[in-house]
Amino acid sequence: MKATLNFKIILFVFLATLTFNTNAQNESKIERSRPAKPIRPPHVRPARPIHPPHTRPARPIHPPHVKPIPAHVVFPSHHHYIPPYRHHVRHYFPHRPVIYYHHGHPYHFYDGRYWRPNRNRFIFSAPPFGLRINLLPIGFQTVIVGTDSYFYFKGTFYKRLGNQYEVIHAPYNAVVYELPEEAVVVNINGKKYYEYNHVLYKVVTTPRGKAFKVVNYVE
């Protein structure tokens, strides 16, 4: 009886061990036959495009409005009259002038006028458009045309550009209260105008009194 019990126990252990090994082998085969899971790259969020900072487009610079040039511009003496201020010459300055450069050419600013060196003398010259200065002359006038502000002194108009002031064309319809003493009177179709540096001014009346208004340009 005891021998039969021992035999049953041994048989039970043997069968259990055999079953465990068989299951382990089957699971190993399943694992070997199962395809490996693909390795996916980590999800990378696309970089956000970098946009340049929003900048307001620069305001276009339009040339001054030019009305049709009259057929006949009559100067005091004859058709090819050259105003006397274009022959002003000086040989020295009592005090040191301020020198500005435009495209490499020096312009000596003295007493509200610009002078260009010519050999051993200085010749009066209207400042070229685009010339920039650091300070406005003492006694300048602020001129408002529409919504724009300009500065005027002795026949020259300036517009602020950053920390400087640039010489510009006379704005059409600009009103000033004095002209340089060198301005000349011209007659166009029986009407009286003043000309200075190729700009025609018409006398107008304002609440402040007599003034001069830019009405045309002369080549």
# chains A, B, ... in the order shown; residues from 1 in each chain; ligands from 1
$ residues_around --residues "stretch 86-101 of chain A" --least-positions-apart "5" --cutoff "9 Å" --atoms "only C-alpha atoms" --output "list in words"
Pro106, Tyr107, His108, Phe109, Tyr110, Asp111, Trp115, Asn120, Arg121, Phe122, Ile123, Phe124, Ser125, Ala126, Leu131, Arg132, Ile133 and Glu182 of chain A
$ residues_around --residues "A:Val145" --least-positions-apart "6" --cutoff "8 Å" --atoms "only C-alpha atoms" --output "list of chain:residue names"
A:Pro171, A:Asn173, A:Ala174
$ residues_around --residues "A:Arg208" --least-positions-apart "4" --cutoff "12 Å" --atoms "only C-alpha atoms" --output "ChimeraX atom specification"
/A:175-177,204,212
$ closest_residue --among "A:Gly146, A:Pro38, A:Pro46, A:Gly139" --to "A:Glu178" --atoms "only C-alpha atoms"
A:Gly139
$ closest_residue --among "A:Asn189, A:Asn216, A:Asn134, A:Thr205" --to "A:Tyr165" --atoms "only C-alpha atoms"
A:Asn134
